[in-house]
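For reference, coords-v1.cif (mmCIF, N, CA and C atoms):
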data_input
#
loop_
_atom_site.label_atom_id
_atom_site.label_comp_id
_atom_site.auth_asym_id
_atom_site.auth_seq_id
_atom_site.Cartn_x
_atom_site.Cartn_y
_atom_site.Cartn_z
N MET A 552 0.85 -1.19 0.00
CA MET A 552 0.00 0.00 0.00
C MET A 552 0.88 1.25 0.00
N ALA A 553 0.59 2.16 -0.90
CA ALA A 553 1.37 3.40 -1.02
C ALA A 553 1.12 4.31 0.17
N ASP A 554 2.15 5.02 0.59
CA ASP A 554 2.05 5.96 1.71
C ASP A 554 1.63 7.32 1.17
N ILE A 555 0.32 7.50 1.05
CA ILE A 555 -0.24 8.75 0.53
C ILE A 555 -1.17 9.34 1.57
N SER A 556 -0.94 10.61 1.91
CA SER A 556 -1.79 11.25 2.92
C SER A 556 -2.19 12.64 2.46
N LEU A 557 -3.28 13.12 3.02
CA LEU A 557 -3.75 14.47 2.74
C LEU A 557 -3.24 15.40 3.82
N GLY A 558 -2.63 16.51 3.40
CA GLY A 558 -2.10 17.49 4.32
C GLY A 558 -3.10 18.62 4.53
N PRO A 559 -2.67 19.66 5.24
CA PRO A 559 -3.55 20.80 5.51
C PRO A 559 -4.14 21.40 4.24
N GLY A 560 -5.42 21.70 4.30
CA GLY A 560 -6.12 22.35 3.19
C GLY A 560 -6.62 21.42 2.11
N ALA A 561 -6.18 20.16 2.12
CA ALA A 561 -6.57 19.24 1.04
C ALA A 561 -8.07 18.95 1.05
N GLU A 562 -8.68 18.93 2.23
CA GLU A 562 -10.11 18.62 2.31
C GLU A 562 -10.96 19.65 1.57
N GLU A 563 -10.45 20.90 1.48
CA GLU A 563 -11.23 21.96 0.81
C GLU A 563 -11.08 21.94 -0.71
N VAL A 564 -10.16 21.14 -1.22
CA VAL A 564 -9.92 21.11 -2.67
C VAL A 564 -10.23 19.70 -3.19
N PRO A 565 -11.39 19.50 -3.80
CA PRO A 565 -11.77 18.15 -4.27
C PRO A 565 -10.72 17.50 -5.17
N LEU A 566 -9.99 18.30 -5.94
CA LEU A 566 -8.95 17.77 -6.81
C LEU A 566 -7.89 17.00 -6.01
N ALA A 567 -7.60 17.44 -4.80
CA ALA A 567 -6.58 16.79 -3.97
C ALA A 567 -6.97 15.34 -3.66
N GLY A 568 -8.18 15.14 -3.18
CA GLY A 568 -8.64 13.80 -2.86
C GLY A 568 -8.75 12.92 -4.08
N MET A 569 -9.20 13.50 -5.18
CA MET A 569 -9.36 12.74 -6.42
C MET A 569 -8.00 12.24 -6.92
N LEU A 570 -6.99 13.12 -6.94
CA LEU A 570 -5.67 12.71 -7.40
C LEU A 570 -5.02 11.71 -6.44
N ALA A 571 -5.23 11.90 -5.15
CA ALA A 571 -4.67 10.95 -4.17
C ALA A 571 -5.25 9.56 -4.39
N GLU A 572 -6.55 9.47 -4.60
CA GLU A 572 -7.19 8.15 -4.83
C GLU A 572 -6.74 7.54 -6.15
N MET A 573 -6.60 8.36 -7.18
CA MET A 573 -6.15 7.86 -8.47
C MET A 573 -4.73 7.29 -8.33
N LEU A 574 -3.87 8.00 -7.62
CA LEU A 574 -2.50 7.53 -7.43
C LEU A 574 -2.45 6.24 -6.63
N LYS A 575 -3.28 6.13 -5.61
CA LYS A 575 -3.30 4.88 -4.81
C LYS A 575 -3.61 3.69 -5.73
N ALA A 576 -4.57 3.86 -6.62
CA ALA A 576 -4.93 2.78 -7.55
C ALA A 576 -3.78 2.52 -8.53
N ASN A 577 -3.18 3.59 -9.06
CA ASN A 577 -2.08 3.43 -10.02
C ASN A 577 -0.89 2.71 -9.41
N LEU A 578 -0.63 2.98 -8.14
CA LEU A 578 0.57 2.45 -7.51
C LEU A 578 0.46 0.97 -7.14
N GLU A 579 -0.66 0.36 -7.47
CA GLU A 579 -0.77 -1.09 -7.31
C GLU A 579 0.03 -1.80 -8.40
N LYS A 580 0.41 -1.06 -9.46
CA LYS A 580 1.23 -1.62 -10.53
C LYS A 580 2.69 -1.47 -10.13
N PRO A 581 3.44 -2.58 -10.11
CA PRO A 581 4.84 -2.55 -9.64
C PRO A 581 5.73 -1.54 -10.35
N GLU A 582 5.55 -1.38 -11.67
CA GLU A 582 6.42 -0.45 -12.40
C GLU A 582 6.18 0.99 -11.98
N LYS A 583 4.93 1.32 -11.64
CA LYS A 583 4.61 2.67 -11.18
C LYS A 583 5.13 2.87 -9.75
N LYS A 584 5.02 1.84 -8.94
CA LYS A 584 5.49 1.93 -7.56
C LYS A 584 7.00 2.17 -7.52
N ARG A 585 7.75 1.55 -8.43
CA ARG A 585 9.20 1.76 -8.48
C ARG A 585 9.52 3.23 -8.77
N ASP A 586 8.80 3.83 -9.72
CA ASP A 586 9.03 5.25 -10.02
C ASP A 586 8.63 6.12 -8.84
N PHE A 587 7.53 5.78 -8.19
CA PHE A 587 7.05 6.52 -7.01
C PHE A 587 8.12 6.52 -5.91
N GLU A 588 8.76 5.39 -5.72
CA GLU A 588 9.76 5.26 -4.66
C GLU A 588 11.05 6.02 -4.98
N LYS A 589 11.24 6.43 -6.22
CA LYS A 589 12.42 7.20 -6.62
C LYS A 589 12.14 8.70 -6.71
N LEU A 590 10.87 9.07 -6.74
CA LEU A 590 10.50 10.47 -6.99
C LEU A 590 10.62 11.32 -5.74
N LYS A 591 11.42 12.38 -5.85
CA LYS A 591 11.52 13.38 -4.78
C LYS A 591 11.35 14.74 -5.43
N ALA A 592 10.16 15.32 -5.26
CA ALA A 592 9.87 16.62 -5.89
C ALA A 592 8.59 17.19 -5.29
N LYS A 593 8.51 18.50 -5.31
CA LYS A 593 7.26 19.19 -4.97
C LYS A 593 6.63 19.64 -6.28
N VAL A 594 5.36 19.27 -6.45
CA VAL A 594 4.66 19.55 -7.70
C VAL A 594 3.40 20.36 -7.40
N LEU A 595 3.31 21.53 -8.00
CA LEU A 595 2.11 22.36 -7.88
C LEU A 595 1.25 22.11 -9.11
N ILE A 596 -0.02 21.80 -8.89
CA ILE A 596 -0.97 21.65 -10.00
C ILE A 596 -2.05 22.70 -9.82
N HIS A 597 -2.25 23.49 -10.87
CA HIS A 597 -3.25 24.56 -10.85
C HIS A 597 -4.25 24.30 -11.97
N ALA A 598 -5.46 23.91 -11.57
CA ALA A 598 -6.56 23.76 -12.54
C ALA A 598 -7.18 25.14 -12.68
N VAL A 599 -6.76 25.86 -13.71
CA VAL A 599 -7.09 27.27 -13.86
C VAL A 599 -8.60 27.50 -13.93
N ASP A 600 -9.31 26.69 -14.72
CA ASP A 600 -10.76 26.89 -14.88
C ASP A 600 -11.53 26.62 -13.59
N ALA A 601 -11.03 25.74 -12.75
CA ALA A 601 -11.70 25.41 -11.49
C ALA A 601 -11.17 26.26 -10.33
N GLU A 602 -10.18 27.10 -10.63
CA GLU A 602 -9.53 27.92 -9.60
C GLU A 602 -9.09 27.06 -8.42
N ALA A 603 -8.50 25.90 -8.72
CA ALA A 603 -8.06 24.97 -7.69
C ALA A 603 -6.56 24.75 -7.81
N LYS A 604 -5.88 24.80 -6.66
CA LYS A 604 -4.44 24.52 -6.62
C LYS A 604 -4.19 23.47 -5.56
N ILE A 605 -3.29 22.55 -5.89
CA ILE A 605 -2.83 21.58 -4.91
C ILE A 605 -1.31 21.44 -5.05
N THR A 606 -0.68 21.04 -3.97
CA THR A 606 0.76 20.74 -4.00
C THR A 606 0.92 19.28 -3.61
N MET A 607 1.66 18.57 -4.45
CA MET A 607 1.98 17.17 -4.14
C MET A 607 3.46 17.12 -3.77
N ASP A 608 3.73 16.70 -2.54
CA ASP A 608 5.10 16.62 -2.04
C ASP A 608 5.54 15.15 -2.03
N PHE A 609 6.27 14.75 -3.06
CA PHE A 609 6.76 13.38 -3.20
C PHE A 609 8.10 13.26 -2.49
N ASP A 610 8.22 12.26 -1.64
CA ASP A 610 9.48 12.06 -0.91
C ASP A 610 9.84 10.58 -0.90
N ARG A 611 10.27 10.10 -2.06
CA ARG A 611 10.76 8.72 -2.24
C ARG A 611 9.90 7.67 -1.52
N GLY A 612 8.71 7.49 -2.02
CA GLY A 612 7.83 6.46 -1.46
C GLY A 612 6.75 7.01 -0.54
N ARG A 613 6.78 8.31 -0.30
CA ARG A 613 5.73 8.96 0.50
C ARG A 613 5.22 10.16 -0.29
N LEU A 614 3.93 10.41 -0.16
CA LEU A 614 3.32 11.56 -0.83
C LEU A 614 2.36 12.22 0.14
N THR A 615 2.51 13.54 0.27
CA THR A 615 1.53 14.33 1.01
C THR A 615 0.93 15.32 0.02
N VAL A 616 -0.40 15.36 -0.02
CA VAL A 616 -1.12 16.25 -0.93
C VAL A 616 -1.73 17.38 -0.10
N TYR A 617 -1.36 18.61 -0.45
CA TYR A 617 -1.83 19.80 0.27
C TYR A 617 -2.81 20.58 -0.60
N GLY A 618 -3.75 21.24 0.05
CA GLY A 618 -4.61 22.18 -0.66
C GLY A 618 -3.84 23.48 -0.83
N GLY A 619 -3.87 24.06 -2.01
CA GLY A 619 -3.16 25.31 -2.26
C GLY A 619 -1.69 25.09 -2.53
N GLU A 620 -0.95 26.17 -2.44
CA GLU A 620 0.49 26.13 -2.70
C GLU A 620 1.22 25.96 -1.37
N ALA A 621 2.02 24.91 -1.27
CA ALA A 621 2.75 24.61 -0.04
C ALA A 621 4.24 24.52 -0.37
N GLY A 622 5.00 25.50 0.05
CA GLY A 622 6.43 25.50 -0.22
C GLY A 622 6.73 25.92 -1.65
N LYS A 623 8.00 25.77 -2.02
CA LYS A 623 8.45 26.16 -3.35
C LYS A 623 8.43 24.93 -4.26
N PRO A 624 7.58 24.94 -5.30
CA PRO A 624 7.50 23.76 -6.17
C PRO A 624 8.72 23.62 -7.09
N ASP A 625 9.10 22.37 -7.34
CA ASP A 625 10.12 22.08 -8.34
C ASP A 625 9.50 22.13 -9.74
N ILE A 626 8.25 21.67 -9.80
CA ILE A 626 7.49 21.63 -11.05
C ILE A 626 6.14 22.28 -10.79
N ALA A 627 5.72 23.18 -11.68
CA ALA A 627 4.40 23.81 -11.55
C ALA A 627 3.66 23.63 -12.87
N ILE A 628 2.48 23.00 -12.78
CA ILE A 628 1.66 22.73 -13.96
C ILE A 628 0.40 23.57 -13.86
N ALA A 629 0.14 24.37 -14.89
CA ALA A 629 -1.07 25.20 -14.91
C ALA A 629 -1.80 24.95 -16.23
N THR A 630 -3.07 24.55 -16.11
CA THR A 630 -3.88 24.29 -17.30
C THR A 630 -5.34 24.14 -16.87
N ASP A 631 -6.20 23.77 -17.79
CA ASP A 631 -7.60 23.55 -17.46
C ASP A 631 -7.82 22.09 -17.05
N SER A 632 -8.96 21.82 -16.46
CA SER A 632 -9.28 20.47 -15.95
C SER A 632 -9.25 19.41 -17.04
N THR A 633 -9.73 19.74 -18.23
CA THR A 633 -9.76 18.78 -19.33
C THR A 633 -8.34 18.35 -19.69
N THR A 634 -7.43 19.29 -19.75
CA THR A 634 -6.04 18.96 -20.09
C THR A 634 -5.40 18.11 -18.99
N LEU A 635 -5.75 18.38 -17.73
CA LEU A 635 -5.22 17.53 -16.65
C LEU A 635 -5.64 16.08 -16.86
N LEU A 636 -6.87 15.87 -17.30
CA LEU A 636 -7.33 14.50 -17.59
C LEU A 636 -6.57 13.92 -18.78
N GLU A 637 -6.29 14.75 -19.79
CA GLU A 637 -5.53 14.27 -20.95
C GLU A 637 -4.12 13.85 -20.52
N LEU A 638 -3.52 14.58 -19.58
CA LEU A 638 -2.20 14.20 -19.08
C LEU A 638 -2.25 12.82 -18.42
N ALA A 639 -3.34 12.55 -17.71
CA ALA A 639 -3.49 11.24 -17.06
C ALA A 639 -3.71 10.14 -18.10
N ASN A 640 -4.14 10.52 -19.30
CA ASN A 640 -4.39 9.53 -20.34
C ASN A 640 -3.21 9.34 -21.29
N LEU A 641 -2.09 10.01 -21.02
CA LEU A 641 -0.90 9.77 -21.83
C LEU A 641 -0.49 8.32 -21.70
N LYS A 642 -0.17 7.72 -22.81
CA LYS A 642 0.28 6.32 -22.79
C LYS A 642 1.76 6.28 -22.44
N ILE A 643 2.17 5.17 -21.84
CA ILE A 643 3.57 4.94 -21.54
C ILE A 643 4.03 3.80 -22.44
N LYS A 644 5.04 4.09 -23.26
CA LYS A 644 5.61 3.06 -24.14
C LYS A 644 7.12 3.06 -23.94
N TYR A 645 7.68 1.87 -23.88
CA TYR A 645 9.13 1.72 -23.70
C TYR A 645 9.60 2.45 -22.44
N GLY A 646 8.74 2.51 -21.43
CA GLY A 646 9.10 3.12 -20.16
C GLY A 646 9.08 4.64 -20.15
N MET A 647 8.53 5.26 -21.20
CA MET A 647 8.51 6.71 -21.30
C MET A 647 7.13 7.19 -21.74
N PRO A 648 6.77 8.45 -21.38
CA PRO A 648 5.52 9.01 -21.89
C PRO A 648 5.55 9.03 -23.42
N TRP A 649 4.43 8.70 -24.04
CA TRP A 649 4.34 8.59 -25.50
C TRP A 649 3.58 9.78 -26.05
N TYR A 650 4.27 10.62 -26.82
CA TYR A 650 3.67 11.84 -27.36
C TYR A 650 3.34 11.73 -28.84
N PHE A 651 3.31 10.50 -29.37
CA PHE A 651 3.16 10.32 -30.81
C PHE A 651 1.82 9.70 -31.20
N ASP A 652 0.82 9.82 -30.33
CA ASP A 652 -0.53 9.41 -30.70
C ASP A 652 -1.42 10.65 -30.53
N GLU A 653 -2.71 10.49 -30.71
CA GLU A 653 -3.63 11.64 -30.66
C GLU A 653 -3.56 12.38 -29.33
N THR A 654 -3.58 11.65 -28.21
CA THR A 654 -3.53 12.29 -26.90
C THR A 654 -2.20 13.01 -26.69
N GLY A 655 -1.10 12.33 -26.99
CA GLY A 655 0.22 12.92 -26.81
C GLY A 655 0.43 14.15 -27.66
N LEU A 656 0.02 14.08 -28.93
CA LEU A 656 0.17 15.24 -29.81
C LEU A 656 -0.71 16.41 -29.35
N GLY A 657 -1.87 16.10 -28.78
CA GLY A 657 -2.74 17.15 -28.23
C GLY A 657 -2.06 17.86 -27.06
N VAL A 658 -1.37 17.11 -26.23
CA VAL A 658 -0.63 17.69 -25.10
C VAL A 658 0.48 18.60 -25.62
N VAL A 659 1.22 18.13 -26.61
CA VAL A 659 2.30 18.92 -27.19
C VAL A 659 1.75 20.21 -27.80
N ARG A 660 0.63 20.12 -28.52
CA ARG A 660 0.00 21.32 -29.11
C ARG A 660 -0.36 22.33 -28.03
N LYS A 661 -0.93 21.84 -26.92
CA LYS A 661 -1.33 22.75 -25.83
C LYS A 661 -0.10 23.40 -25.19
N LEU A 662 0.99 22.66 -25.07
CA LEU A 662 2.24 23.24 -24.56
C LEU A 662 2.71 24.37 -25.48
N LEU A 663 2.71 24.11 -26.79
CA LEU A 663 3.19 25.09 -27.76
C LEU A 663 2.29 26.32 -27.82
N LYS A 664 0.98 26.14 -27.64
CA LYS A 664 0.03 27.26 -27.67
C LYS A 664 0.00 28.02 -26.35
N GLY A 665 0.55 27.44 -25.30
CA GLY A 665 0.52 28.10 -23.99
C GLY A 665 -0.71 27.75 -23.18
N ASP A 666 -1.52 26.81 -23.66
CA ASP A 666 -2.71 26.38 -22.91
C ASP A 666 -2.31 25.45 -21.76
N LEU A 667 -1.11 24.91 -21.82
CA LEU A 667 -0.54 24.06 -20.78
C LEU A 667 0.83 24.64 -20.47
N LYS A 668 1.02 25.05 -19.22
CA LYS A 668 2.30 25.62 -18.81
C LYS A 668 2.92 24.70 -17.77
N ILE A 669 4.18 24.33 -17.99
CA ILE A 669 4.90 23.48 -17.05
C ILE A 669 6.23 24.14 -16.72
N LYS A 670 6.29 24.78 -15.55
CA LYS A 670 7.54 25.38 -15.09
C LYS A 670 8.38 24.27 -14.47
N GLY A 671 9.66 24.28 -14.76
CA GLY A 671 10.55 23.24 -14.26
C GLY A 671 10.63 22.04 -15.18
N MET A 672 10.03 22.16 -16.36
CA MET A 672 9.95 21.05 -17.30
C MET A 672 11.35 20.59 -17.73
N PHE A 673 12.27 21.52 -17.92
CA PHE A 673 13.61 21.15 -18.38
C PHE A 673 14.58 20.97 -17.22
N THR A 674 14.43 21.75 -16.17
CA THR A 674 15.36 21.64 -15.05
C THR A 674 15.08 20.41 -14.18
N HIS A 675 13.87 19.89 -14.25
CA HIS A 675 13.50 18.70 -13.47
C HIS A 675 12.88 17.64 -14.38
N LEU A 676 13.51 17.42 -15.53
CA LEU A 676 12.96 16.51 -16.53
C LEU A 676 12.78 15.08 -16.00
N GLY A 677 13.75 14.59 -15.23
CA GLY A 677 13.63 13.24 -14.67
C GLY A 677 12.43 13.12 -13.75
N ALA A 678 12.25 14.12 -12.89
CA ALA A 678 11.12 14.10 -11.97
C ALA A 678 9.80 14.21 -12.74
N LEU A 679 9.77 15.06 -13.77
CA LEU A 679 8.55 15.21 -14.57
C LEU A 679 8.21 13.91 -15.30
N THR A 680 9.22 13.23 -15.80
CA THR A 680 8.99 11.95 -16.48
C THR A 680 8.43 10.93 -15.50
N ARG A 681 9.02 10.83 -14.31
CA ARG A 681 8.49 9.89 -13.29
C ARG A 681 7.06 10.27 -12.89
N LEU A 682 6.81 11.56 -12.70
CA LEU A 682 5.46 12.02 -12.35
C LEU A 682 4.47 11.60 -13.43
N THR A 683 4.82 11.82 -14.69
CA THR A 683 3.93 11.46 -15.80
C THR A 683 3.65 9.96 -15.79
N LYS A 684 4.70 9.18 -15.54
CA LYS A 684 4.54 7.72 -15.55
C LYS A 684 3.62 7.25 -14.42
N ILE A 685 3.75 7.83 -13.23
CA ILE A 685 2.89 7.34 -12.13
C ILE A 685 1.47 7.90 -12.20
N MET A 686 1.32 9.05 -12.86
CA MET A 686 -0.01 9.64 -12.99
C MET A 686 -0.80 9.03 -14.15
N SER A 687 -0.09 8.46 -15.12
CA SER A 687 -0.75 7.90 -16.29
C SER A 687 -1.65 6.72 -15.91
N LEU A 688 -2.84 6.70 -16.46
CA LEU A 688 -3.78 5.62 -16.18
C LEU A 688 -3.47 4.37 -17.00
N SER A 689 -2.57 4.48 -17.97
CA SER A 689 -2.26 3.30 -18.81
C SER A 689 -1.23 2.41 -18.16
#

Final structure tokens representation of the file:
Amino acid sequence: MADISLGPGAEEVPLAGMLAEMLKANLEKPEKKRDFEKLKAKVLIHAVDAEAKITMDFDRGRLTVYGGEAGKPDIAIATDSTTLLELANLKIKYGMPWYFDETGLGVVRKLLKGDLKIKGMFTHLGALTRLTKIMSLS
């Protein structure tokens, strides 16, 4: 069982509980659990259309999900709720996120148009790749 807990403010942000439950289910897969146990990063997710922010603090096998912004994030993702779901639907092929199908190309288009903003994308590429892999529903 993954060590995932809700921190202060998470109860007020439905997105926090939803992502925590999704991750618990995802981490039943051994390959995702291995990435989870290696991930150390603070990730801010801002669902712009829902005016909801959460911080996920990954600490090598432990995750605390906070409502709002907690601390200084290594990675900050800002987009609409629909795009957040598309990110969860990215396929993983050969151990990496796959950007060469309809969903992946849609994510790339949104990045290029500015509809999806990811701060720390290049400076924390390893952490972002692990995050994508454990968040992916595939």

Can you translate the PyMOL selection byres ((chain A and resi 630) around 8) into the concrete residues it hits in this file, as a short mmCIF file (atom, residue, chain, number, x, y, z; two decimals) with N, CA and C atoms, in the frame of the given file?
data_model
loop_
_atom_site.label_atom_id
_atom_site.label_comp_id
_atom_site.auth_asym_id
_atom_site.auth_seq_id
_atom_site.Cartn_x
_atom_site.Cartn_y
_atom_site.Cartn_z
N ILE A 596 -0.02 21.80 -8.89
CA ILE A 596 -0.97 21.65 -10.00
C ILE A 596 -2.05 22.70 -9.82
N HIS A 597 -2.25 23.49 -10.87
CA HIS A 597 -3.25 24.56 -10.85
C HIS A 597 -4.25 24.30 -11.97
N ALA A 598 -5.46 23.91 -11.57
CA ALA A 598 -6.56 23.76 -12.54
C ALA A 598 -7.18 25.14 -12.68
N VAL A 599 -6.76 25.86 -13.71
CA VAL A 599 -7.09 27.27 -13.86
C VAL A 599 -8.60 27.50 -13.93
N ASP A 600 -9.31 26.69 -14.72
CA ASP A 600 -10.76 26.89 -14.88
C ASP A 600 -11.53 26.62 -13.59
N ALA A 601 -11.03 25.74 -12.75
CA ALA A 601 -11.70 25.41 -11.49
C ALA A 601 -11.17 26.26 -10.33
N ALA A 627 5.72 23.18 -11.68
CA ALA A 627 4.40 23.81 -11.55
C ALA A 627 3.66 23.63 -12.87
N ILE A 628 2.48 23.00 -12.78
CA ILE A 628 1.66 22.73 -13.96
C ILE A 628 0.40 23.57 -13.86
N ALA A 629 0.14 24.37 -14.89
CA ALA A 629 -1.07 25.20 -14.91
C ALA A 629 -1.80 24.95 -16.23
N ASP A 631 -6.20 23.77 -17.79
CA ASP A 631 -7.60 23.55 -17.46
C ASP A 631 -7.82 22.09 -17.05
N SER A 632 -8.96 21.82 -16.46
CA SER A 632 -9.28 20.47 -15.95
C SER A 632 -9.25 19.41 -17.04
N THR A 633 -9.73 19.74 -18.23
CA THR A 633 -9.76 18.78 -19.33
C THR A 633 -8.34 18.35 -19.69
N THR A 634 -7.43 19.29 -19.75
CA THR A 634 -6.04 18.96 -20.09
C THR A 634 -5.40 18.11 -18.99
N LEU A 635 -5.75 18.38 -17.73
CA LEU A 635 -5.22 17.53 -16.65
C LEU A 635 -5.64 16.08 -16.86
N GLY A 665 0.55 27.44 -25.30
CA GLY A 665 0.52 28.10 -23.99
C GLY A 665 -0.71 27.75 -23.18
N ASP A 666 -1.52 26.81 -23.66
CA ASP A 666 -2.71 26.38 -22.91
C ASP A 666 -2.31 25.45 -21.76
N LEU A 667 -1.11 24.91 -21.82
CA LEU A 667 -0.54 24.06 -20.78
C LEU A 667 0.83 24.64 -20.47
N LYS A 668 1.02 25.05 -19.22
CA LYS A 668 2.30 25.62 -18.81
C LYS A 668 2.92 24.70 -17.77
N ILE A 669 4.18 24.33 -17.99
CA ILE A 669 4.90 23.48 -17.05
C ILE A 669 6.23 24.14 -16.72
#

So which residues touch segment 647-664 of chain A within 7 Å, counting all atoms listed in the file, skipping near sequence neighbours fewer than 2 positions away, as an mmCIF file with N, CA and C atoms, in the coordinates of the input?
data_model
loop_
_atom_site.group_PDB
_atom_site.id
_atom_site.type_symbol
_atom_site.label_atom_id
_atom_site.label_comp_id
_atom_site.auth_asym_id
_atom_site.auth_seq_id
_atom_site.Cartn_x
_atom_site.Cartn_y
_atom_site.Cartn_z
ATOM 1 N N GLU A 637 -6.290 14.750 -19.790
ATOM 2 C CA GLU A 637 -5.530 14.270 -20.950
ATOM 3 C C GLU A 637 -4.120 13.850 -20.520
ATOM 4 N N LEU A 638 -3.520 14.580 -19.580
ATOM 5 C CA LEU A 638 -2.200 14.200 -19.080
ATOM 6 C C LEU A 638 -2.250 12.820 -18.420
ATOM 7 N N ASN A 640 -4.140 10.520 -19.300
ATOM 8 C CA ASN A 640 -4.390 9.530 -20.340
ATOM 9 C C ASN A 640 -3.210 9.340 -21.290
ATOM 10 N N LEU A 641 -2.090 10.010 -21.020
ATOM 11 C CA LEU A 641 -0.900 9.770 -21.830
ATOM 12 C C LEU A 641 -0.490 8.320 -21.700
ATOM 13 N N LYS A 642 -0.170 7.720 -22.810
ATOM 14 C CA LYS A 642 0.280 6.320 -22.790
ATOM 15 C C LYS A 642 1.760 6.280 -22.440
ATOM 16 N N ILE A 643 2.170 5.170 -21.840
ATOM 17 C CA ILE A 643 3.570 4.940 -21.540
ATOM 18 C C ILE A 643 4.030 3.800 -22.440
ATOM 19 N N LYS A 644 5.040 4.090 -23.260
ATOM 20 C CA LYS A 644 5.610 3.060 -24.140
ATOM 21 C C LYS A 644 7.120 3.060 -23.940
ATOM 22 N N TYR A 645 7.680 1.870 -23.880
ATOM 23 C CA TYR A 645 9.130 1.720 -23.700
ATOM 24 C C TYR A 645 9.600 2.450 -22.440
ATOM 25 N N ASP A 666 -1.520 26.810 -23.660
ATOM 26 C CA ASP A 666 -2.710 26.380 -22.910
ATOM 27 C C ASP A 666 -2.310 25.450 -21.760
ATOM 28 N N LEU A 667 -1.110 24.910 -21.820
ATOM 29 C CA LEU A 667 -0.540 24.060 -20.780
ATOM 30 C C LEU A 667 0.830 24.640 -20.470
ATOM 31 N N LYS A 668 1.020 25.050 -19.220
ATOM 32 C CA LYS A 668 2.300 25.620 -18.810
ATOM 33 C C LYS A 668 2.920 24.700 -17.770
ATOM 34 N N ILE A 669 4.180 24.330 -17.990
ATOM 35 C CA ILE A 669 4.900 23.480 -17.050
ATOM 36 C C ILE A 669 6.230 24.140 -16.720
ATOM 37 N N THR A 680 9.220 13.230 -15.800
ATOM 38 C CA THR A 680 8.990 11.950 -16.480
ATOM 39 C C THR A 680 8.430 10.930 -15.500
ATOM 40 N N THR A 683 4.820 11.820 -14.690
ATOM 41 C CA THR A 683 3.930 11.460 -15.800
ATOM 42 C C THR A 683 3.650 9.960 -15.790
ATOM 43 N N LYS A 684 4.700 9.180 -15.540
ATOM 44 C CA LYS A 684 4.540 7.720 -15.550
ATOM 45 C C LYS A 684 3.620 7.250 -14.420
#

**Q.** Residues selected by the PyMOL selection byres ((chain A and resi 558) around 8), written as number ranges by chain
**A.** A: 555-557, 559-562, 614-618

Store the residues picked out above in a file with N, CA and C atoms, as a PDB file, keeping the file's coordinate frame.
ATOM      1  N   ILE A 555       0.320   7.500   1.050  1.00  0.00           N
ATOM      2  CA  ILE A 555      -0.240   8.750   0.530  1.00  0.00           C
ATOM      3  C   ILE A 555      -1.170   9.340   1.570  1.00  0.00           C
ATOM      4  N   SER A 556      -0.940  10.610   1.910  1.00  0.00           N
ATOM      5  CA  SER A 556      -1.790  11.250   2.920  1.00  0.00           C
ATOM      6  C   SER A 556      -2.190  12.640   2.460  1.00  0.00           C
ATOM      7  N   LEU A 557      -3.280  13.120   3.020  1.00  0.00           N
ATOM      8  CA  LEU A 557      -3.750  14.470   2.740  1.00  0.00           C
ATOM      9  C   LEU A 557      -3.240  15.400   3.820  1.00  0.00           C
ATOM     10  N   PRO A 559      -2.670  19.660   5.240  1.00  0.00           N
ATOM     11  CA  PRO A 559      -3.550  20.800   5.510  1.00  0.00           C
ATOM     12  C   PRO A 559      -4.140  21.400   4.240  1.00  0.00           C
ATOM     13  N   GLY A 560      -5.420  21.700   4.300  1.00  0.00           N
ATOM     14  CA  GLY A 560      -6.120  22.350   3.190  1.00  0.00           C
ATOM     15  C   GLY A 560      -6.620  21.420   2.110  1.00  0.00           C
ATOM     16  N   ALA A 561      -6.180  20.160   2.120  1.00  0.00           N
ATOM     17  CA  ALA A 561      -6.570  19.240   1.040  1.00  0.00           C
ATOM     18  C   ALA A 561      -8.070  18.950   1.050  1.00  0.00           C
ATOM     19  N   GLU A 562      -8.680  18.930   2.230  1.00  0.00           N
ATOM     20  CA  GLU A 562     -10.110  18.620   2.310  1.00  0.00           C
ATOM     21  C   GLU A 562     -10.960  19.650   1.570  1.00  0.00           C
ATOM     22  N   LEU A 614       3.930  10.410  -0.160  1.00  0.00           N
ATOM     23  CA  LEU A 614       3.320  11.560  -0.830  1.00  0.00           C
ATOM     24  C   LEU A 614       2.360  12.220   0.140  1.00  0.00           C
ATOM     25  N   THR A 615       2.510  13.540   0.270  1.00  0.00           N
ATOM     26  CA  THR A 615       1.530  14.330   1.010  1.00  0.00           C
ATOM     27  C   THR A 615       0.930  15.320   0.020  1.00  0.00           C
ATOM     28  N   VAL A 616      -0.400  15.360  -0.020  1.00  0.00           N
ATOM     29  CA  VAL A 616      -1.120  16.250  -0.930  1.00  0.00           C
ATOM     30  C   VAL A 616      -1.730  17.380  -0.100  1.00  0.00           C
ATOM     31  N   TYR A 617      -1.360  18.610  -0.450  1.00  0.00           N
ATOM     32  CA  TYR A 617      -1.830  19.800   0.270  1.00  0.00           C
ATOM     33  C   TYR A 617      -2.810  20.580  -0.600  1.00  0.00           C
ATOM     34  N   GLY A 618      -3.750  21.240   0.050  1.00  0.00           N
ATOM     35  CA  GLY A 618      -4.610  22.180  -0.660  1.00  0.00           C
ATOM     36  C   GLY A 618      -3.840  23.480  -0.830  1.00  0.00           C
TER      37      GLY A 618
END

Q.
Neighbouring residues of segment 580-588 of chain A were defined as those with any atom within 8 Å, considering only N, CA and C atoms; residues of the same chain fewer than 3 positions away were excluded. Please report them as a VMD selection string.
A. chain A and resid 553 575 to 577 591 609 to 613 680 to 682 684 to 686

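Our summary of the geometry notes that atom CA of Glu579 of chain A is positioned 28.8 Å from atom CA of Lys670 of chain A.
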
**Q.** DSSP-assigned strand (DSSP E) members of chain A, reported as a count of residues only
**A.** 40

Draw an axis-aligned box tight on the listed atoms of segment 638-644 of chain A, then pad every side by 4 Å and write out centre and edge lengths in Å to one decimal as lines of an AutoDock Vina configuration file.
center_x = 1.4
center_y = 8.8
center_z = -20.6
size_x = 19.5
size_y = 19.5
size_z = 15.1

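What separates atom N of Leu688 of chain A from atom CA of Ala603 of chain A is a distance of 20.9 Å.
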
Q. If you apply the PyMOL selection byres ((chain A and resi 623) around 8) to this file, what residues do you get, as a ChimeraX atom specification?
A. /A:592-595,620-622,624-626
